[in-house]
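Below is the file entry-v8.pdb, which contains PDB, C-alpha atoms.
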```pdb
ATOM      1  CA  MET F   1     -86.124 103.373  30.538  1.00  0.00           C
ATOM      2  CA  VAL F   2     -89.739 103.703  31.636  1.00  0.00           C
ATOM      3  CA  LEU F   3     -88.585 103.998  35.251  1.00  0.00           C
ATOM      4  CA  TRP F   4     -86.354 106.943  34.408  1.00  0.00           C
ATOM      5  CA  SER F   5     -89.235 108.837  32.829  1.00  0.00           C
ATOM      6  CA  GLN F   6     -91.682 107.851  35.620  1.00  0.00           C
ATOM      7  CA  PHE F   7     -89.419 109.381  38.244  1.00  0.00           C
ATOM      8  CA  ASN F   8     -88.877 112.436  36.077  1.00  0.00           C
ATOM      9  CA  LEU F   9     -85.145 111.804  35.923  1.00  0.00           C
ATOM     10  CA  ILE F  10     -85.208 112.240  32.142  1.00  0.00           C
ATOM     11  CA  SER F  11     -87.953 112.753  29.609  1.00  0.00           C
ATOM     12  CA  GLU F  12     -89.570 109.803  27.892  1.00  0.00           C
ATOM     13  CA  THR F  13     -88.143 110.939  24.563  1.00  0.00           C
ATOM     14  CA  MET F  14     -84.646 111.090  26.006  1.00  0.00           C
ATOM     15  CA  ALA F  15     -85.105 107.579  27.487  1.00  0.00           C
ATOM     16  CA  TRP F  16     -85.978 106.244  24.030  1.00  0.00           C
ATOM     17  CA  VAL F  17     -82.975 107.997  22.513  1.00  0.00           C
ATOM     18  CA  LEU F  18     -80.683 106.441  25.131  1.00  0.00           C
ATOM     19  CA  TYR F  19     -82.228 103.036  24.467  1.00  0.00           C
ATOM     20  CA  VAL F  20     -81.666 103.303  20.708  1.00  0.00           C
ATOM     21  CA  VAL F  21     -78.085 104.532  21.184  1.00  0.00           C
ATOM     22  CA  SER F  22     -77.306 101.654  23.581  1.00  0.00           C
ATOM     23  CA  GLN F  23     -78.730  99.138  21.066  1.00  0.00           C
ATOM     24  CA  LEU F  24     -76.594 100.657  18.300  1.00  0.00           C
ATOM     25  CA  ILE F  25     -73.487 100.440  20.478  1.00  0.00           C
ATOM     26  CA  LEU F  26     -74.295  96.822  21.294  1.00  0.00           C
ATOM     27  CA  GLY F  27     -74.879  96.028  17.612  1.00  0.00           C
ATOM     28  CA  PHE F  28     -71.616  97.630  16.508  1.00  0.00           C
ATOM     29  CA  SER F  29     -69.771  95.840  19.300  1.00  0.00           C
ATOM     30  CA  LEU F  30     -71.090  92.507  18.069  1.00  0.00           C
ATOM     31  CA  LEU F  31     -70.179  93.362  14.481  1.00  0.00           C
ATOM     32  CA  TYR F  32     -66.665  94.289  15.571  1.00  0.00           C
ATOM     33  CA  LEU F  33     -66.350  91.022  17.499  1.00  0.00           C
ATOM     34  CA  VAL F  34     -67.483  88.974  14.489  1.00  0.00           C
ATOM     35  CA  TYR F  35     -65.122  90.910  12.207  1.00  0.00           C
ATOM     36  CA  SER F  36     -62.142  90.456  14.517  1.00  0.00           C
ATOM     37  CA  LEU F  37     -62.832  86.723  14.861  1.00  0.00           C
ATOM     38  CA  ALA F  38     -63.183  86.378  11.098  1.00  0.00           C
ATOM     39  CA  SER F  39     -59.914  88.197  10.461  1.00  0.00           C
ATOM     40  CA  LYS F  40     -58.125  86.043  13.052  1.00  0.00           C
ATOM     41  CA  LYS F  41     -59.528  82.939  11.395  1.00  0.00           C
ATOM     42  CA  SER F  42     -58.198  83.979   8.005  1.00  0.00           C
ATOM     43  CA  LYS F  43     -54.760  84.680   9.473  1.00  0.00           C
ATOM     44  CA  PHE F  44     -54.944  81.330  11.239  1.00  0.00           C
ATOM     45  CA  SER F  45     -55.779  79.476   8.047  1.00  0.00           C
ATOM     46  CA  LEU F  46     -52.699  80.970   6.365  1.00  0.00           C
ATOM     47  CA  ARG F  47     -50.717  79.031   8.934  1.00  0.00           C
ATOM     48  CA  ASP F  48     -52.846  75.924   8.351  1.00  0.00           C
ATOM     49  CA  GLN F  49     -54.052  75.353  11.938  1.00  0.00           C
ATOM     50  CA  SER F  50     -50.661  74.178  13.199  1.00  0.00           C
ATOM     51  CA  ASP F  51     -49.644  77.765  13.948  1.00  0.00           C
ATOM     52  CA  LEU F  52     -46.504  77.269  11.865  1.00  0.00           C
ATOM     53  CA  PRO F  53     -45.118  80.075   9.751  1.00  0.00           C
ATOM     54  CA  ARG F  54     -45.892  79.393   6.106  1.00  0.00           C
ATOM     55  CA  ASP F  55     -42.226  79.054   5.051  1.00  0.00           C
ATOM     56  CA  ILE F  56     -41.494  76.462   7.748  1.00  0.00           C
ATOM     57  CA  LEU F  57     -44.695  74.557   6.989  1.00  0.00           C
ATOM     58  CA  GLU F  58     -43.794  74.396   3.291  1.00  0.00           C
ATOM     59  CA  LYS F  59     -40.239  73.320   4.106  1.00  0.00           C
ATOM     60  CA  LEU F  60     -41.457  70.516   6.376  1.00  0.00           C
ATOM     61  CA  GLN F  61     -44.059  69.381   3.843  1.00  0.00           C
ATOM     62  CA  LYS F  62     -41.363  69.144   1.163  1.00  0.00           C
ATOM     63  CA  GLU F  63     -38.472  67.729   3.180  1.00  0.00           C
ATOM     64  CA  PHE F  64     -39.659  65.879   6.283  1.00  0.00           C
ATOM     65  CA  LEU F  65     -40.727  62.553   4.754  1.00  0.00           C
ATOM     66  CA  ASP F  66     -37.733  62.391   2.418  1.00  0.00           C
ATOM     67  CA  TYR F  67     -35.411  63.020   5.333  1.00  0.00           C
ATOM     68  CA  ILE F  68     -37.042  60.705   7.860  1.00  0.00           C
ATOM     69  CA  THR F  69     -37.517  57.747   5.476  1.00  0.00           C
ATOM     70  CA  ASN F  70     -33.797  57.590   4.768  1.00  0.00           C
ATOM     71  CA  PRO F  71     -32.724  54.295   6.400  1.00  0.00           C
ATOM     72  CA  GLN F  72     -29.604  55.950   7.798  1.00  0.00           C
ATOM     73  CA  VAL F  73     -31.883  58.300   9.723  1.00  0.00           C
ATOM     74  CA  PHE F  74     -34.658  56.080  11.085  1.00  0.00           C
ATOM     75  CA  THR F  75     -32.375  53.133  11.888  1.00  0.00           C
ATOM     76  CA  ASP F  76     -30.093  55.326  13.984  1.00  0.00           C
ATOM     77  CA  PRO F  77     -30.639  54.039  17.538  1.00  0.00           C
ATOM     78  CA  LEU F  78     -29.895  57.523  18.885  1.00  0.00           C
ATOM     79  CA  ILE F  79     -32.286  59.369  16.579  1.00  0.00           C
ATOM     80  CA  SER F  80     -34.318  62.090  18.241  1.00  0.00           C
ATOM     81  CA  GLN F  81     -36.741  64.776  17.248  1.00  0.00           C
ATOM     82  CA  GLN F  82     -34.009  67.306  18.016  1.00  0.00           C
ATOM     83  CA  LYS F  83     -31.576  65.585  15.621  1.00  0.00           C
ATOM     84  CA  VAL F  84     -34.160  65.530  12.841  1.00  0.00           C
ATOM     85  CA  ALA F  85     -35.010  69.181  13.460  1.00  0.00           C
ATOM     86  CA  LYS F  86     -31.329  70.067  13.325  1.00  0.00           C
ATOM     87  CA  GLY F  87     -30.939  68.086  10.086  1.00  0.00           C
ATOM     88  CA  LEU F  88     -33.874  69.966   8.577  1.00  0.00           C
ATOM     89  CA  ARG F  89     -32.675  73.295  10.005  1.00  0.00           C
ATOM     90  CA  VAL F  90     -35.902  73.996  11.917  1.00  0.00           C
ATOM     91  CA  SER F  91     -36.769  73.954  15.594  1.00  0.00           C
ATOM     92  CA  SER F  92     -37.862  70.825  17.420  1.00  0.00           C
ATOM     93  CA  TYR F  93     -41.048  72.691  18.371  1.00  0.00           C
ATOM     94  CA  HIS F  94     -41.882  73.184  14.684  1.00  0.00           C
ATOM     95  CA  VAL F  95     -41.301  69.492  13.939  1.00  0.00           C
ATOM     96  CA  SER F  96     -43.582  68.537  16.831  1.00  0.00           C
ATOM     97  CA  ARG F  97     -46.362  70.898  15.711  1.00  0.00           C
ATOM     98  CA  TYR F  98     -46.052  69.677  12.142  1.00  0.00           C
ATOM     99  CA  LEU F  99     -46.269  66.012  13.136  1.00  0.00           C
ATOM    100  CA  ASN F 100     -49.202  66.524  15.481  1.00  0.00           C
ATOM    101  CA  HIS F 101     -51.251  68.578  13.036  1.00  0.00           C
ATOM    102  CA  HIS F 102     -50.292  67.081   9.681  1.00  0.00           C
ATOM    103  CA  HIS F 103     -49.519  63.467  10.500  1.00  0.00           C
ATOM    104  CA  GLY F 104     -51.653  63.107  13.623  1.00  0.00           C
ATOM    105  CA  ASP F 105     -48.905  61.225  15.378  1.00  0.00           C
ATOM    106  CA  THR F 106     -45.817  61.624  17.508  1.00  0.00           C
ATOM    107  CA  PHE F 107     -42.221  61.517  16.375  1.00  0.00           C
ATOM    108  CA  LEU F 108     -41.581  58.254  18.207  1.00  0.00           C
ATOM    109  CA  ASN F 109     -44.606  56.511  16.673  1.00  0.00           C
ATOM    110  CA  ILE F 110     -43.552  57.566  13.177  1.00  0.00           C
ATOM    111  CA  ILE F 111     -39.976  56.355  13.719  1.00  0.00           C
ATOM    112  CA  ASN F 112     -41.171  53.083  15.228  1.00  0.00           C
ATOM    113  CA  GLY F 113     -43.549  52.565  12.300  1.00  0.00           C
ATOM    114  CA  LEU F 114     -40.685  52.959   9.826  1.00  0.00           C
ATOM    115  CA  ARG F 115     -38.526  50.606  11.863  1.00  0.00           C
ATOM    116  CA  ILE F 116     -41.262  47.980  12.062  1.00  0.00           C
ATOM    117  CA  LYS F 117     -41.824  48.138   8.290  1.00  0.00           C
ATOM    118  CA  ALA F 118     -38.077  47.606   7.795  1.00  0.00           C
ATOM    119  CA  SER F 119     -38.084  44.705  10.250  1.00  0.00           C
ATOM    120  CA  LEU F 120     -41.008  43.091   8.415  1.00  0.00           C
ATOM    121  CA  GLU F 121     -39.045  43.251   5.172  1.00  0.00           C
ATOM    122  CA  LEU F 122     -36.078  41.593   6.887  1.00  0.00           C
ATOM    123  CA  ILE F 123     -38.198  38.873   8.514  1.00  0.00           C
ATOM    124  CA  GLU F 124     -40.072  38.141   5.274  1.00  0.00           C
ATOM    125  CA  ASN F 125     -36.886  37.917   3.200  1.00  0.00           C
ATOM    126  CA  PRO F 126     -35.886  34.219   2.940  1.00  0.00           C
ATOM    127  CA  GLU F 127     -32.206  35.222   2.884  1.00  0.00           C
ATOM    128  CA  ASN F 128     -32.569  36.449   6.493  1.00  0.00           C
ATOM    129  CA  GLN F 129     -33.904  33.230   8.027  1.00  0.00           C
ATOM    130  CA  GLU F 130     -30.628  32.749   9.880  1.00  0.00           C
ATOM    131  CA  LYS F 131     -30.846  36.189  11.496  1.00  0.00           C
ATOM    132  CA  THR F 132     -32.128  36.239  15.036  1.00  0.00           C
ATOM    133  CA  ILE F 133     -34.856  38.592  16.184  1.00  0.00           C
ATOM    134  CA  LYS F 134     -32.154  40.359  18.195  1.00  0.00           C
ATOM    135  CA  ASP F 135     -30.068  40.911  15.037  1.00  0.00           C
ATOM    136  CA  ILE F 136     -33.110  42.329  13.287  1.00  0.00           C
ATOM    137  CA  PHE F 137     -34.200  44.739  16.007  1.00  0.00           C
ATOM    138  CA  TYR F 138     -30.675  46.099  16.340  1.00  0.00           C
ATOM    139  CA  GLN F 139     -30.390  46.450  12.564  1.00  0.00           C
ATOM    140  CA  VAL F 140     -33.563  48.560  12.331  1.00  0.00           C
ATOM    141  CA  GLY F 141     -32.598  50.837  15.230  1.00  0.00           C
ATOM    142  CA  PHE F 142     -34.270  49.465  18.359  1.00  0.00           C
ATOM    143  CA  ASN F 143     -32.177  49.278  21.511  1.00  0.00           C
ATOM    144  CA  THR F 144     -34.177  46.723  23.482  1.00  0.00           C
ATOM    145  CA  ARG F 145     -36.150  43.624  22.640  1.00  0.00           C
ATOM    146  CA  SER F 146     -39.070  44.694  24.834  1.00  0.00           C
ATOM    147  CA  THR F 147     -39.495  47.994  22.985  1.00  0.00           C
ATOM    148  CA  PHE F 148     -39.223  46.194  19.648  1.00  0.00           C
ATOM    149  CA  ASN F 149     -41.727  43.500  20.662  1.00  0.00           C
ATOM    150  CA  SER F 150     -44.183  46.091  21.939  1.00  0.00           C
ATOM    151  CA  ALA F 151     -43.976  48.238  18.794  1.00  0.00           C
ATOM    152  CA  PHE F 152     -44.112  45.168  16.552  1.00  0.00           C
ATOM    153  CA  LYS F 153     -47.172  43.787  18.313  1.00  0.00           C
ATOM    154  CA  ASN F 154     -48.924  47.199  18.148  1.00  0.00           C
ATOM    155  CA  TYR F 155     -48.273  47.312  14.413  1.00  0.00           C
ATOM    156  CA  THR F 156     -48.977  43.688  13.424  1.00  0.00           C
ATOM    157  CA  GLY F 157     -50.942  42.192  16.313  1.00  0.00           C
ATOM    158  CA  LEU F 158     -48.254  39.517  16.724  1.00  0.00           C
ATOM    159  CA  THR F 159     -44.858  39.326  18.382  1.00  0.00           C
ATOM    160  CA  PRO F 160     -41.881  39.061  15.999  1.00  0.00           C
ATOM    161  CA  SER F 161     -41.448  35.363  16.844  1.00  0.00           C
ATOM    162  CA  GLU F 162     -45.133  34.642  16.264  1.00  0.00           C
ATOM    163  CA  TYR F 163     -44.974  36.515  12.945  1.00  0.00           C
ATOM    164  CA  ARG F 164     -41.919  34.545  11.817  1.00  0.00           C
ATOM    165  CA  THR F 165     -43.583  31.247  12.847  1.00  0.00           C
ATOM    166  CA  LYS F 166     -46.738  32.200  10.958  1.00  0.00           C
ATOM    167  CA  LEU F 167     -44.678  32.896   7.820  1.00  0.00           C
ATOM    168  CA  LYS F 168     -43.033  29.460   8.001  1.00  0.00           C
ATOM    169  CA  GLY F 169     -46.301  27.609   8.602  1.00  0.00           C
TER     170      GLY F 169
END
```

Please lay out the structure from this file as structure tokens.
Amino acid sequence: MVLWSQFNLISETMAWVLYVVSQLILGFSLLYLVYSLASKKSKFSLRDQSDLPRDILEKLQKEFLDYITNPQVFTDPLISQQKVAKGLRVSSYHVSRYLNHHHGDTFLNIINGLRIKASLELIENPENQEKTIKDIFYQVGFNTRSTFNSAFKNYTGLTPSEYRTKLKG
């Protein structure tokens, strides 16, 4: 600004006017940026951070747990996120977003958790002492013993056999 007036390119008064105008433009630009971010945030919060449309979010909040905790659903060895989404009449993408943002977990971990809880009930029931671990993992929806053992150990800290032995002792 001072340089412009020193070289007589513009008057000192005009340099100050340009400076003030540029500061006003900068200030209004910042205000506009803050306003646009604030309005995006409010739109974002309507979708509750999962970027799901409100109607789908409400539907999943009301129906997902009821649907998934049905033993016919979670014990199905061929269950998939796509099948659950189809049963709920939403997209698999929406189910995934809902689970990640509202349950903080994946579809497979939620299903395995339900299956492990069911297997614990079977193992703990004295009427099922004659059932083998293989019978139990098939009954709750697992296809392989290794997957069952891994999920069981992650959930309880023990293998199914160790858990059963601990119950007897």

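Distance check against F:Pro71 using only C-alpha atoms: of F:Leu57, F:Ile123, F:Ile111, F:Val20, the minimum falls on F:Ile111.
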
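Between atom CA of F:Leu120 and atom CA of F:Ile79 the separation is 20.2 Å.
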
Write out as a list of chain:residue names each polymer residue whose atoms come within 8 Å of F:Ser119, counting all atoms listed in the file; drop sequence neighbours fewer than 2 positions from it.
->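 Final neighbour list, sorted by chain and number: F:Arg115, F:Ile116, F:Lys117, F:Glu121, F:Leu122, F:Ile123, F:Ile136, F:Phe137, F:Val140.
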
Nearest residue to F:Thr147 from the set F:Asp51, F:Glu63, F:Gly169, F:Thr159 (distances using only C-alpha atoms) =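 Among the listed residues, F:Thr159 lies closest to F:Thr147.
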
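Proximity ranking of F:Ser91, F:Arg164, F:Ser80, F:Tyr98 relative to F:Phe64 places F:Tyr98 first, based on only C-alpha atoms.
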
In Å, rounded to a single decimal, give me how far atom CA of F:Tyr138 is from atom CA of F:Arg89.
->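 One can read the atom CA of F:Arg89 to atom CA of F:Tyr138 distance as 28.0 Å.
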
Who sits within 9 Å of F:Asn112, all atoms listed in the file, same chain under 4 positions skipped, as a PDB file with C-alpha atoms, keeping the file's coordinate frame:
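selection15.pdb, freshly written:
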```pdb
ATOM      1  CA  PHE F  74     -34.658  56.080  11.085  1.00  0.00           C
ATOM      2  CA  PHE F 107     -42.221  61.517  16.375  1.00  0.00           C
ATOM      3  CA  LEU F 108     -41.581  58.254  18.207  1.00  0.00           C
ATOM      4  CA  ILE F 116     -41.262  47.980  12.062  1.00  0.00           C
ATOM      5  CA  LYS F 117     -41.824  48.138   8.290  1.00  0.00           C
ATOM      6  CA  GLY F 141     -32.598  50.837  15.230  1.00  0.00           C
ATOM      7  CA  PHE F 142     -34.270  49.465  18.359  1.00  0.00           C
ATOM      8  CA  PHE F 148     -39.223  46.194  19.648  1.00  0.00           C
ATOM      9  CA  ALA F 151     -43.976  48.238  18.794  1.00  0.00           C
ATOM     10  CA  PHE F 152     -44.112  45.168  16.552  1.00  0.00           C
TER      11      PHE F 152
END
```

For atom CA of F:Leu158 and atom CA of F:His102, determine how far apart the two atoms are, in Å to one decimal place.
->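 Pair atom CA of F:Leu158 / atom CA of F:His102 returns 28.5 Å.
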
Evaluating the PyMOL selection byres ((chain F and resi 168) around 12) on the displayed file yields which residues, as a PyMOL selection string?
-> chain F and resi 123-126+129+161-167+169

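In terms of minimum interatomic distance to F:Asp66, F:Leu88 ranks closest within F:Pro53, F:Lys134, F:Lys153, F:Leu88, counting all atoms listed in the file.
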
For F:Thr69, which of F:Val84, F:Pro160, F:Ser11, F:Val95 is the closest residue, counting only C-alpha atoms?
->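 Of the candidates, the smallest distance to F:Thr69 is held by F:Val84.
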
Determine the nearest neighbour of F:Gln81 from the options F:Gln23, F:Thr106, F:Asn100, F:Leu60, counting all atoms listed in the file.
-> F:Thr106
